[in-house]
file my_file-v5.tsv (TSV, C-alpha atoms)
chain	number	residue	atom	x	y	z
D	17	MET	CA	-8.90	-10.77	-11.92
D	18	THR	CA	-10.79	-8.48	-9.53
D	19	VAL	CA	-11.00	-8.81	-5.76
D	20	LEU	CA	-14.67	-9.81	-6.16
D	21	GLU	CA	-13.34	-12.84	-8.05
D	22	GLY	CA	-10.83	-13.67	-5.32
D	23	GLY	CA	-7.90	-11.65	-6.66
D	24	ASN	CA	-5.34	-9.73	-4.63
D	25	LEU	CA	-5.92	-5.96	-4.48
D	26	THR	CA	-2.23	-5.00	-4.50
D	27	ASP	CA	-1.53	-7.24	-7.49
D	28	ALA	CA	-4.52	-5.81	-9.36
D	29	PHE	CA	-3.40	-2.26	-8.66
D	30	GLU	CA	0.15	-3.01	-9.87
D	31	ARG	CA	-1.23	-4.50	-13.09
D	32	MET	CA	-3.30	-1.37	-13.59
D	33	GLN	CA	-0.23	0.84	-13.16
D	34	VAL	CA	1.62	-1.13	-15.82
D	35	LYS	CA	-1.35	-0.91	-18.19
D	36	HIS	CA	-1.73	2.84	-17.62
D	37	SER	CA	1.88	3.88	-17.11
D	38	GLN	CA	1.12	7.28	-18.65
D	39	TRP	CA	-1.13	8.25	-15.76
D	40	ALA	CA	0.12	11.03	-13.51
D	41	GLU	CA	0.94	10.27	-9.88
D	42	GLY	CA	-2.17	12.16	-8.78
D	43	THR	CA	-4.40	10.04	-11.01
D	44	ARG	CA	-2.91	6.79	-9.72
D	45	GLY	CA	-3.37	8.02	-6.16
D	46	ALA	CA	-7.00	8.93	-6.79
D	47	VAL	CA	-7.74	5.51	-8.32
D	48	ARG	CA	-6.03	3.81	-5.40
D	49	ASP	CA	-8.05	5.82	-2.91
D	50	LEU	CA	-11.32	4.93	-4.65
D	51	ALA	CA	-10.51	1.20	-4.73
D	52	TRP	CA	-9.24	0.95	-1.14
D	53	ARG	CA	-12.17	3.00	0.22
D	54	ALA	CA	-14.73	0.96	-1.70
D	55	LEU	CA	-13.32	-2.28	-0.30
D	56	ARG	CA	-13.36	-0.94	3.25
D	57	ASP	CA	-17.06	-0.15	2.66
D	58	HIS	CA	-17.76	-3.34	0.70
D	59	ALA	CA	-20.35	-4.84	3.06
D	60	ARG	CA	-22.15	-1.52	3.40
D	61	GLY	CA	-22.38	-1.16	-0.35
D	62	ASP	CA	-23.66	-4.72	-0.65
D	63	ALA	CA	-26.39	-4.03	1.90
D	64	ILE	CA	-27.60	-1.12	-0.21
D	65	LEU	CA	-27.34	-2.91	-3.55
D	66	ASP	CA	-29.25	-5.91	-2.23
D	67	ARG	CA	-32.25	-3.59	-1.70
D	68	LEU	CA	-31.94	-2.01	-5.15
D	69	LEU	CA	-31.11	-4.92	-7.48
D	70	GLN	CA	-33.58	-7.62	-8.49
D	71	SER	CA	-30.85	-9.86	-9.89
D	72	ALA	CA	-27.08	-10.05	-9.68
D	73	PRO	CA	-25.35	-7.91	-12.33
D	74	PRO	CA	-21.98	-8.77	-13.92
D	75	LEU	CA	-19.11	-8.42	-11.44
D	76	GLN	CA	-17.67	-5.46	-13.32
D	77	VAL	CA	-20.96	-3.59	-12.93
D	78	ARG	CA	-21.23	-4.50	-9.26
D	79	ALA	CA	-17.67	-3.26	-8.68
D	80	LEU	CA	-18.47	0.05	-10.39
D	81	LEU	CA	-21.63	0.46	-8.31
D	82	LEU	CA	-19.76	-0.30	-5.08
D	83	VAL	CA	-17.16	2.36	-5.89
D	84	ALA	CA	-19.86	4.89	-6.74
D	85	LEU	CA	-21.87	4.18	-3.57
D	86	SER	CA	-18.74	4.51	-1.44
D	87	ARG	CA	-18.00	7.84	-3.05
D	88	LEU	CA	-21.58	9.03	-2.60
D	89	HIS	CA	-21.33	8.16	1.09
D	90	GLN	CA	-18.03	10.04	1.46
D	91	ARG	CA	-18.92	13.01	-0.78
D	92	PRO	CA	-22.71	13.46	-0.84
D	93	GLU	CA	-22.29	17.02	-2.11
D	94	GLN	CA	-20.74	15.57	-5.30
D	95	ALA	CA	-23.71	13.32	-6.07
D	96	HIS	CA	-24.32	14.67	-9.59
D	97	THR	CA	-20.64	14.35	-10.55
D	98	VAL	CA	-20.29	10.86	-9.08
D	99	VAL	CA	-23.32	9.50	-10.93
D	100	ASP	CA	-22.25	11.16	-14.17
D	101	GLN	CA	-18.74	9.71	-13.93
D	102	ALA	CA	-20.04	6.23	-13.11
D	103	VAL	CA	-22.42	6.30	-16.09
D	104	THR	CA	-19.61	7.53	-18.36
D	105	ALA	CA	-17.35	4.72	-17.16
D	106	ALA	CA	-20.10	2.17	-17.85
D	107	ALA	CA	-20.69	3.62	-21.32
D	108	GLU	CA	-17.00	3.25	-22.18
D	109	SER	CA	-16.49	-0.30	-20.94
D	110	MET	CA	-20.02	-1.81	-20.82
D	111	PRO	CA	-22.24	0.23	-23.19
D	112	GLY	CA	-25.18	-2.13	-22.86
D	113	LEU	CA	-25.33	-1.65	-19.09
D	114	ARG	CA	-25.10	2.13	-19.00
D	115	SER	CA	-28.83	2.51	-18.26
D	116	LEU	CA	-28.66	-0.04	-15.44
D	117	VAL	CA	-25.87	1.86	-13.69
D	118	ASN	CA	-27.69	5.16	-14.14
D	119	GLY	CA	-30.99	3.77	-12.86
D	120	VAL	CA	-29.53	2.03	-9.81
D	121	LEU	CA	-27.55	5.04	-8.66
D	122	ARG	CA	-30.41	7.48	-9.13
D	123	ASN	CA	-32.72	5.13	-7.24
D	124	ALA	CA	-30.09	4.89	-4.51
D	125	LEU	CA	-30.02	8.66	-4.19
D	126	ARG	CA	-33.80	8.83	-3.94
D	127	GLN	CA	-33.69	6.35	-1.06
D	128	GLN	CA	-30.55	7.69	0.59
D	129	GLY	CA	-32.45	8.30	3.81
D	130	GLN	CA	-32.91	4.53	4.13
D	131	TRP	CA	-29.25	3.60	3.72
D	132	GLN	CA	-28.35	3.62	7.40
D	133	ALA	CA	-31.34	1.48	8.36
D	134	TRP	CA	-30.40	-1.07	5.67
D	135	ILE	CA	-26.82	-1.10	6.94
D	136	ASP	CA	-27.79	-1.37	10.61
D	137	ALA	CA	-29.99	-4.38	9.86
D	138	ASP	CA	-26.93	-6.40	8.76
D	139	PRO	CA	-24.13	-6.96	11.35
D	140	ALA	CA	-21.50	-7.39	8.62
D	141	ALA	CA	-22.56	-4.13	6.99
D	142	ARG	CA	-22.83	-2.28	10.29
D	143	HIS	CA	-19.19	-2.99	11.13
D	144	ALA	CA	-17.99	-3.38	7.51
D	145	PHE	CA	-16.39	-6.70	8.46
D	146	PRO	CA	-17.46	-10.33	7.93
D	147	THR	CA	-19.71	-11.56	10.73
D	148	TRP	CA	-17.30	-14.33	11.76
D	149	TRP	CA	-14.51	-11.72	12.09
D	150	VAL	CA	-16.67	-9.49	14.28
D	151	GLU	CA	-17.63	-12.37	16.59
D	152	ARG	CA	-14.09	-13.71	16.88
D	153	LEU	CA	-12.77	-10.28	17.79
D	154	ARG	CA	-15.63	-9.65	20.20
D	155	VAL	CA	-14.70	-12.81	22.12
D	156	GLY	CA	-10.94	-12.28	22.00
D	157	GLN	CA	-10.88	-8.54	22.69
D	158	ALA	CA	-13.94	-8.02	24.84
D	159	ASP	CA	-13.01	-4.51	26.00
D	160	ALA	CA	-11.86	-2.97	22.74
D	161	TRP	CA	-13.31	-4.95	19.82
D	162	ALA	CA	-15.62	-2.17	18.59
D	163	GLN	CA	-12.86	0.45	18.60
D	164	ALA	CA	-10.52	-1.94	16.76
D	165	LEU	CA	-13.11	-2.59	14.07
D	166	ALA	CA	-13.82	1.12	13.65
D	167	ALA	CA	-10.12	1.90	13.34
D	168	GLY	CA	-9.78	-0.89	10.77
D	169	ASN	CA	-12.12	1.03	8.47
D	170	GLU	CA	-10.17	4.28	8.59
D	171	ARG	CA	-7.23	5.40	6.51
D	172	PRO	CA	-4.01	4.15	8.12
D	173	PRO	CA	-1.58	6.58	9.73
D	174	MET	CA	1.84	7.23	8.20
D	175	ALA	CA	4.82	6.86	10.50
D	176	LEU	CA	8.54	7.23	9.87
D	177	ARG	CA	11.53	5.38	11.23
D	178	VAL	CA	14.77	7.32	11.59
D	179	ASN	CA	18.00	5.57	10.56
D	180	LEU	CA	20.17	6.39	13.57
D	181	ARG	CA	23.28	5.35	11.67
D	182	ARG	CA	22.82	8.35	9.36
D	183	THR	CA	21.07	11.00	11.44
D	184	THR	CA	19.42	11.71	14.79
D	185	LEU	CA	15.79	11.98	15.78
D	186	GLU	CA	16.22	15.68	16.44
D	187	ASP	CA	17.83	16.39	13.07
D	188	ALA	CA	15.19	14.34	11.26
D	189	GLU	CA	12.41	16.24	13.02
D	190	ALA	CA	14.05	19.56	12.14
D	191	ALA	CA	14.42	18.59	8.46
D	192	LEU	CA	10.76	17.59	8.29
D	193	ALA	CA	9.66	20.78	10.03
D	194	GLU	CA	11.63	22.86	7.52
D	195	GLN	CA	9.47	21.33	4.79
D	196	GLY	CA	6.32	22.21	6.71
D	197	LEU	CA	5.68	18.60	7.70
D	198	VAL	CA	4.17	18.23	11.16
D	199	THR	CA	5.21	15.15	13.15
D	200	ARG	CA	4.75	13.79	16.65
D	201	ARG	CA	7.34	11.59	18.33
D	202	LEU	CA	5.89	8.44	19.91
D	203	ASP	CA	7.24	6.46	22.88
D	204	ASN	CA	9.30	4.13	20.71
D	205	GLY	CA	10.86	6.94	18.66
D	206	ALA	CA	8.55	6.61	15.67
D	207	LEU	CA	7.63	9.90	14.02
D	208	LEU	CA	3.91	10.08	13.28
D	209	LEU	CA	3.06	12.37	10.39
D	210	GLU	CA	0.05	14.63	10.72
D	211	ARG	CA	-0.97	13.61	7.20
D	212	ALA	CA	0.27	11.08	4.69
D	213	LEU	CA	2.26	12.17	1.64
D	214	PRO	CA	4.35	10.62	-1.16
D	215	VAL	CA	7.72	9.32	0.02
D	216	ALA	CA	9.44	11.47	-2.63
D	217	ARG	CA	8.54	14.51	-0.53
D	218	LEU	CA	10.25	13.19	2.60
D	219	PRO	CA	13.56	14.99	3.17
D	220	GLY	CA	16.28	12.38	3.61
D	221	TYR	CA	14.33	9.39	2.31
D	222	ALA	CA	16.39	8.96	-0.85
D	223	GLU	CA	19.57	9.31	1.21
D	224	GLY	CA	18.48	6.53	3.57
D	225	ARG	CA	17.90	8.71	6.61
D	226	LEU	CA	14.21	7.85	6.82
D	227	SER	CA	11.97	4.86	6.16
D	228	VAL	CA	8.20	4.50	6.19
D	229	GLN	CA	7.20	1.94	8.80
D	230	ASP	CA	4.11	1.62	10.94
D	231	ALA	CA	4.72	2.80	14.50
D	232	GLY	CA	3.50	-0.51	15.91
D	233	ALA	CA	5.98	-2.44	13.79
D	234	GLN	CA	8.81	-0.30	15.16
D	235	TRP	CA	8.52	-2.02	18.54
D	236	ALA	CA	10.01	-5.22	17.10
D	237	ALA	CA	13.68	-4.20	16.94
D	238	GLN	CA	13.48	-2.47	20.32
D	239	LEU	CA	11.94	-5.47	22.07
D	240	LEU	CA	14.39	-7.87	20.43
D	241	ASP	CA	17.18	-5.57	21.67
D	242	ALA	CA	20.01	-7.21	19.72
D	243	GLN	CA	23.46	-6.18	20.94
D	244	ALA	CA	26.62	-5.50	18.96
D	245	GLY	CA	28.46	-8.65	17.91
D	246	GLU	CA	25.49	-10.99	18.42
D	247	ARG	CA	24.34	-13.56	15.89
D	248	VAL	CA	20.76	-12.70	14.89
D	249	LEU	CA	18.15	-14.46	12.75
D	250	ASP	CA	15.24	-12.72	11.06
D	251	ALA	CA	13.33	-15.81	10.03
D	252	CYS	CA	10.55	-14.34	7.84
D	253	ALA	CA	12.23	-11.13	6.80
D	254	ALA	CA	10.42	-9.61	3.81
D	255	PRO	CA	9.83	-6.81	3.08
D	256	GLY	CA	12.75	-5.99	5.36
D	257	GLY	CA	11.63	-3.11	7.56
D	258	LYS	CA	12.27	-4.93	10.81
D	259	THR	CA	15.52	-6.38	9.42
D	260	ALA	CA	16.78	-2.90	8.66
D	261	HIS	CA	15.69	-1.55	12.03
D	262	ILE	CA	17.69	-4.23	13.86
D	263	LEU	CA	20.79	-3.30	11.85
D	264	GLU	CA	20.23	0.41	12.38
D	265	ARG	CA	20.30	-0.13	16.13
D	266	ALA	CA	23.34	-2.43	16.45
D	267	GLU	CA	26.27	-3.92	14.54
D	268	VAL	CA	25.16	-7.55	14.45
D	269	ASP	CA	25.76	-10.64	12.33
D	270	LEU	CA	22.29	-10.97	10.80
D	271	LEU	CA	20.84	-13.73	8.65
D	272	ALA	CA	17.58	-12.76	6.92
D	273	LEU	CA	15.46	-15.56	5.46
D	274	ASP	CA	12.42	-15.45	3.25
D	275	LEU	CA	10.60	-18.15	1.32
D	276	ASP	CA	9.86	-15.95	-1.70
D	277	PRO	CA	12.78	-15.00	-4.00
D	278	VAL	CA	11.06	-11.82	-5.19
D	279	ARG	CA	10.37	-10.67	-1.64
D	280	ALA	CA	13.95	-11.53	-0.64
D	281	GLN	CA	15.18	-9.20	-3.37
D	282	ARG	CA	13.04	-6.46	-1.88
D	283	VAL	CA	14.82	-6.97	1.46
D	284	GLU	CA	18.16	-6.52	-0.28
D	285	ARG	CA	17.00	-3.33	-2.03
D	286	ASN	CA	15.78	-1.84	1.24
D	287	LEU	CA	19.07	-2.59	2.96
D	288	GLN	CA	21.03	-1.12	0.06
D	289	ARG	CA	19.13	2.19	0.25
D	290	LEU	CA	19.87	2.42	3.96
D	291	GLY	CA	23.53	1.49	3.67
D	292	LEU	CA	23.09	-1.73	5.66
D	293	ARG	CA	24.34	-5.28	5.13
D	294	ALA	CA	22.96	-8.69	6.01
D	295	ASN	CA	23.15	-12.23	4.71
D	296	VAL	CA	19.87	-12.55	2.80
D	297	ARG	CA	18.87	-16.07	1.77
D	298	VAL	CA	15.85	-17.71	0.18
D	299	ALA	CA	14.72	-20.63	2.32
D	300	ASP	CA	11.82	-22.09	4.28
D	301	CYS	CA	12.83	-21.41	7.87
D	302	ARG	CA	11.19	-24.70	8.94
D	303	ASP	CA	13.62	-26.71	6.80
D	304	LEU	CA	16.70	-26.37	8.99
D	305	GLY	CA	18.78	-28.65	6.79
D	306	ALA	CA	18.42	-26.22	3.88
D	307	TRP	CA	19.93	-23.19	5.59
D	308	TRP	CA	21.17	-23.67	9.18
D	309	ASP	CA	24.88	-24.31	9.71
D	310	GLY	CA	24.38	-25.58	13.26
D	311	ARG	CA	25.66	-22.44	14.97
D	312	PRO	CA	23.05	-21.14	17.45
D	313	PHE	CA	21.62	-17.64	17.34
D	314	ASP	CA	21.65	-15.21	20.24
D	315	ARG	CA	18.42	-13.55	19.12
D	316	ILE	CA	15.65	-14.64	16.76
D	317	LEU	CA	12.91	-12.49	15.30
D	318	ALA	CA	10.00	-14.81	14.45
D	319	ASP	CA	7.69	-12.48	12.54
D	320	VAL	CA	5.50	-15.34	11.40
D	321	PRO	CA	2.96	-15.48	8.54
D	322	CYS	CA	-0.51	-14.74	9.88
D	323	SER	CA	-4.03	-13.63	8.99
D	324	ALA	CA	-2.81	-10.00	8.73
D	325	SER	CA	-6.00	-9.03	10.55
D	326	GLY	CA	-4.19	-6.17	12.28
D	327	VAL	CA	-3.20	-4.41	9.05
D	328	VAL	CA	-6.49	-4.78	7.21
D	329	ARG	CA	-6.99	-1.05	6.68
D	330	ARG	CA	-3.83	-1.08	4.53
D	331	HIS	CA	-5.02	-4.21	2.71
D	332	PRO	CA	-8.84	-4.07	2.84
D	333	ASP	CA	-9.23	-7.01	0.47
D	334	ILE	CA	-7.98	-9.27	3.30
D	335	LYS	CA	-11.21	-9.08	5.26
D	336	TRP	CA	-13.25	-10.26	2.25
D	337	LEU	CA	-10.77	-12.86	0.95
D	338	ARG	CA	-9.92	-14.41	4.31
D	339	ARG	CA	-12.04	-17.32	5.59
D	340	GLU	CA	-12.60	-18.30	9.20
D	341	THR	CA	-11.04	-21.70	8.54
D	342	ASP	CA	-7.80	-19.94	7.53
D	343	ILE	CA	-7.06	-19.01	11.15
D	344	ALA	CA	-6.49	-22.60	12.25
D	345	GLN	CA	-4.25	-23.16	9.24
D	346	PHE	CA	-2.16	-20.11	10.08
D	347	ALA	CA	-1.92	-21.22	13.71
D	348	ALA	CA	-0.64	-24.66	12.67
D	349	ALA	CA	2.00	-23.13	10.40
D	350	GLN	CA	3.06	-20.72	13.13
D	351	ALA	CA	3.52	-23.57	15.62
D	352	ALA	CA	5.70	-25.46	13.14
D	353	ILE	CA	7.84	-22.38	12.53
D	354	VAL	CA	8.49	-21.49	16.16
D	355	ASP	CA	9.20	-25.12	17.08
D	356	ALA	CA	11.82	-25.32	14.33
D	357	LEU	CA	13.38	-21.97	15.17
D	358	TRP	CA	13.57	-22.81	18.88
D	359	ARG	CA	16.09	-25.54	18.01
D	360	THR	CA	18.44	-22.91	16.53
D	361	LEU	CA	18.34	-20.58	19.55
D	362	ALA	CA	21.30	-20.55	21.92
D	363	GLN	CA	20.79	-21.34	25.61
D	364	GLY	CA	20.14	-18.04	27.32
D	365	GLY	CA	19.08	-16.55	23.97
D	366	THR	CA	15.82	-14.75	23.27
D	367	MET	CA	13.17	-15.13	20.59
D	368	LEU	CA	10.61	-12.44	19.82
D	369	TYR	CA	7.35	-13.86	18.47
D	370	VAL	CA	5.48	-11.37	16.28
D	371	THR	CA	2.27	-11.32	14.28
D	372	CYS	CA	0.25	-8.54	12.67
D	373	SER	CA	-2.90	-10.30	13.86
D	374	VAL	CA	-5.59	-9.37	16.37
D	375	PHE	CA	-6.90	-12.92	16.79
D	376	ARG	CA	-6.15	-14.77	20.02
D	377	GLU	CA	-5.61	-18.12	18.28
D	378	GLU	CA	-2.54	-16.72	16.52
D	379	ASN	CA	-1.30	-14.79	19.53
D	380	ALA	CA	-1.85	-15.48	23.22
D	381	ALA	CA	-3.23	-18.99	22.63
D	382	GLN	CA	-0.32	-19.80	20.35
D	383	LEU	CA	2.20	-18.75	23.00
D	384	ALA	CA	0.43	-20.67	25.76
D	385	ALA	CA	0.59	-23.84	23.66
D	386	PHE	CA	4.27	-23.23	22.85
D	387	LEU	CA	5.17	-22.94	26.52
D	388	LEU	CA	3.45	-26.25	27.23
D	389	ARG	CA	5.50	-27.93	24.50
D	390	HIS	CA	8.86	-26.46	25.57
D	391	ALA	CA	9.85	-26.85	29.20
D	392	ASP	CA	13.07	-24.90	28.56
D	393	ALA	CA	11.14	-21.76	27.51
D	394	GLU	CA	10.22	-18.90	29.79
D	395	ARG	CA	8.26	-15.79	28.99
D	396	LEU	CA	9.89	-12.41	29.56
D	397	ALA	CA	7.72	-9.46	30.53
D	398	ILE	CA	7.07	-6.65	28.05
D	399	HIS	CA	6.43	-3.30	29.73
D	400	GLY	CA	5.42	-5.17	32.86
D	401	HIS	CA	2.96	-7.46	31.09
D	402	PRO	CA	3.20	-11.07	29.83
D	403	ASP	CA	2.91	-9.92	26.21
D	404	LEU	CA	1.95	-6.91	24.11
D	405	GLN	CA	-1.21	-6.84	22.01
D	406	LEU	CA	-1.56	-3.67	19.96
D	407	LEU	CA	-4.94	-3.07	18.36
D	408	PRO	CA	-5.45	-0.75	15.39
D	409	CYS	CA	-5.85	2.87	16.43
D	410	ALA	CA	-5.03	6.38	15.22
D	411	GLU	CA	-1.31	5.84	15.90
D	412	HIS	CA	-0.57	2.31	14.69
D	413	ASP	CA	-1.81	-0.95	13.22
D	414	GLY	CA	-2.48	-4.17	15.11
D	415	PHE	CA	0.49	-6.30	16.27
D	416	TYR	CA	1.23	-8.97	18.83
D	417	TYR	CA	4.57	-9.39	20.63
D	418	ALA	CA	5.78	-12.06	23.04
D	419	LEU	CA	9.38	-12.40	24.23
D	420	LEU	CA	10.77	-15.85	25.08
D	421	ARG	CA	14.05	-16.91	26.66
D	422	LYS	CA	15.67	-20.33	26.41
D	423	ARG	CA	16.76	-21.40	29.85
D	424	PRO	CA	20.48	-22.28	30.13
call {"tool": "encode", "arguments": {"input": "my_file-v5.tsv", "output": "structure tokens"}}
result
Amino acid sequence: MTVLEGGNLTDAFERMQVKHSQWAEGTRGAVRDLAWRALRDHARGDAILDRLLQSAPPLQVRALLLVALSRLHQRPEQAHTVVDQAVTAAAESMPGLRSLVNGVLRNALRQQGQWQAWIDADPAARHAFPTWWVERLRVGQADAWAQALAAGNERPPMALRVNLRRTTLEDAEAALAEQGLVTRRLDNGALLLERALPVARLPGYAEGRLSVQDAGAQWAAQLLDAQAGERVLDACAAPGGKTAHILERAEVDLLALDLDPVRAQRVERNLQRLGLRANVRVADCRDLGAWWDGRPFDRILADVPCSASGVVRRHPDIKWLRRETDIAQFAAAQAAIVDALWRTLAQGGTMLYVTCSVFREENAAQLAAFLLRHADAERLAIHGHPDLQLLPCAEHDGFYYALLRKRP
């Protein structure tokens, strides 16, 4: 199933890798880049195709045309090659539609001067996001919505987290520099790479000295600030980056939960590579009777399921698969999760609420409602502010953080 049919992009890509296991790493990377870029540009491609097509073609043809148009936009100097490759691909998989693909793309090139006007006439195409998404962000982030949308259409940055149990920031930086890899250290200790590269080329990755983790996500363990000997819960742990970061910073008794058995196994594999240990269990964190032994936790990381609107450039299918009605459903699930987890928090303990969303309903509004429901909860300042909303930018993805304390 393709994304145009409602399928998941990551799943589709993994199926493709299994089907074409003989492909070289460079070929897989090139295919991935074409697919991810085309989905970021999806609405722009649609705006162009709507002017060129008299009737809707089969989805496979439309997908091929969207990829080709995206490539033509990115590499106009390669127009002849792009059209030729698209026509060849159509001839191999859809011989009867080869002429259609050729005709549409050549017509598109003849009218290339009109593309921007066609795009500008459609708000969804202009921003390359669904209209409801644009409006919701415009209302919720009045000062920075346009920059956040623009960043969401760019390639994501690649940041590294240093495992301080196995090396130091300085030694990690030196090892990277020896390999000619340029990095910049951010305020939270994340190392931002000048350009992305395969993890196999990272010195120390296989030995567990480095992990790939978005710089914005690396605030979680620091803000939670778990101390040695404390009992800690990571309630929605997969894939395990934040779990590992907590353990890298302090010797704690950590329980990591996840609803999905496959994703829970991924947490265990990540911890094993890094030489870390936690109690990893498969459970719905809302069902306390299924996993909680009644002993309260000193710290809880509530990295709740959300719209993932802050990480859309890594998963560009999200913005076309997500529906506006989904936001209320996520918010309801989030409220149920934090209400359940609050019961397991010790008096005087802290809970860090986290989403990778940029929508207010899942973030600031969610926390305001929680505080009204729980008189024993107080908000702790983050960097002098009530909470921390990170929007996508050149350094990190979009995340929301709020720190809560249960009054004694």
call {"tool": "closest_residue", "arguments": {"input": "my_file-v5.tsv", "among": "D:Cys372, D:Ala133, D:Ala318, D:Leu292", "to": "Ala253 of chain D", "atoms": "all atoms listed in the file"}}
result
D:Ala318
call {"tool": "closest_residue", "arguments": {"input": "my_file-v5.tsv", "among": "D:Ala141, D:Leu406, D:Arg329, D:Val77", "to": "Ala107 of chain D", "atoms": "only C-alpha atoms"}}
result
D:Val77
call {"tool": "closest_residue", "arguments": {"input": "my_file-v5.tsv", "among": "D:Asn179, D:Leu226, D:Ser325, D:Leu207", "to": "His261 of chain D", "atoms": "only C-alpha atoms"}}
result
D:Asn179
call {"tool": "closest_residue", "arguments": {"input": "my_file-v5.tsv", "among": "D:Arg338, D:Leu271, D:Val278, D:Glu377", "to": "Pro255 of chain D", "atoms": "only C-alpha atoms"}}
result
D:Val278
call {"tool": "atom_distance", "arguments": {"input": "my_file-v5.tsv", "atom1": "atom CA of Leu65 of chain D", "atom2": "atom CA of His331 of chain D"}}
result
23.2 Å
call {"tool": "closest_residue", "arguments": {"input": "my_file-v5.tsv", "among": "D:Val98, D:Leu419, D:Leu290, D:Ala397", "to": "Leu80 of chain D", "atoms": "all atoms listed in the file"}}
result
D:Val98
call {"tool": "residues_near_point", "arguments": {"input": "my_file-v5.tsv", "point": "(-26.9, 7.4, -2.4)", "cutoff": "9 Å", "atoms": "all atoms listed in the file", "output": "ChimeraX atom specification"}}
result
/D:64,84-89,92,95,121-129,131
call {"tool": "residues_around", "arguments": {"input": "my_file-v5.tsv", "residues": "Asp269 of chain D", "least_positions_apart": "4", "cutoff": "7 Å", "atoms": "all atoms listed in the file", "output": "ChimeraX atom specification"}}
result
/D:245-248
call {"tool": "residues_around", "arguments": {"input": "my_file-v5.tsv", "residues": "Glu30 of chain D", "least_positions_apart": "5", "cutoff": "12 Å", "atoms": "only C-alpha atoms", "output": "tab-separated table (two decimals) with C-alpha atoms, in the coordinates of the input"}}
result
chain	number	residue	atom	x	y	z
D	24	ASN	CA	-5.34	-9.73	-4.63
D	25	LEU	CA	-5.92	-5.96	-4.48
D	35	LYS	CA	-1.35	-0.91	-18.19
D	36	HIS	CA	-1.73	2.84	-17.62
D	37	SER	CA	1.88	3.88	-17.11
D	44	ARG	CA	-2.91	6.79	-9.72
D	47	VAL	CA	-7.74	5.51	-8.32
D	48	ARG	CA	-6.03	3.81	-5.40
call {"tool": "residues_around", "arguments": {"input": "my_file-v5.tsv", "residues": "Gly414 of chain D", "least_positions_apart": "6", "cutoff": "8 Å", "atoms": "only C-alpha atoms", "output": "list in words"}}
result
Gly232, Ser325, Gly326, Val327, Cys372, Ser373, Val374, Gln405, Leu406, Leu407 and Pro408 of chain D
call {"tool": "write_last_selection", "arguments": {"input": "my_file-v5.tsv", "atoms": "C-alpha atoms", "output": "compact mmCIF listing (two decimals), keeping the file's coordinate frame"}}
result
# COMPACT_ATOMS: atom_id res chain seq x y z
CA GLY D 232 3.50 -0.51 15.91
CA SER D 325 -6.00 -9.03 10.55
CA GLY D 326 -4.19 -6.17 12.28
CA VAL D 327 -3.20 -4.41 9.05
CA CYS D 372 0.25 -8.54 12.67
CA SER D 373 -2.90 -10.30 13.86
CA VAL D 374 -5.59 -9.37 16.37
CA GLN D 405 -1.21 -6.84 22.01
CA LEU D 406 -1.56 -3.67 19.96
CA LEU D 407 -4.94 -3.07 18.36
CA PRO D 408 -5.45 -0.75 15.39
call {"tool": "residues_around", "arguments": {"input": "my_file-v5.tsv", "residues": "Ala206 of chain D", "least_positions_apart": "6", "cutoff": "7 Å", "atoms": "all atoms listed in the file", "output": "PDB file with C-alpha atoms, keeping the file's coordinate frame"}}
result
ATOM      1  CA  ALA D 175       4.820   6.860  10.500  1.00  0.00           C
ATOM      2  CA  LEU D 176       8.540   7.230   9.870  1.00  0.00           C
ATOM      3  CA  ARG D 177      11.530   5.380  11.230  1.00  0.00           C
ATOM      4  CA  ALA D 231       4.720   2.800  14.500  1.00  0.00           C
ATOM      5  CA  GLN D 234       8.810  -0.300  15.160  1.00  0.00           C
TER       6      GLN D 234
END
call {"tool": "residues_around", "arguments": {"input": "my_file-v5.tsv", "residues": "Gln363 of chain D", "least_positions_apart": "2", "cutoff": "10 Å", "atoms": "only C-alpha atoms", "output": "PyMOL selection string"}}
result
chain D and resi 312-314+358-361+365-366+392-393+421-424
call {"tool": "closest_residue", "arguments": {"input": "my_file-v5.tsv", "among": "D:Asp303, D:Asp276, D:Glu411, D:Asp355", "to": "Leu388 of chain D", "atoms": "all atoms listed in the file"}}
result
D:Asp355
call {"tool": "atom_distance", "arguments": {"input": "my_file-v5.tsv", "atom1": "atom CA of Glu189 of chain D", "atom2": "atom CA of Pro219 of chain D"}}
result
10.0 Å
call {"tool": "atom_distance", "arguments": {"input": "my_file-v5.tsv", "atom1": "atom CA of Arg91 of chain D", "atom2": "atom CA of Arg114 of chain D"}}
result
22.1 Å
call {"tool": "residues_near_point", "arguments": {"input": "my_file-v5.tsv", "point": "(17.4, -4.4, 20.9)", "cutoff": "12 Å", "atoms": "all atoms listed in the file", "output": "PyMOL selection string"}}
result
chain D and resi 204+234-244+246+248+258-259+261-268+314-317+366-368+419
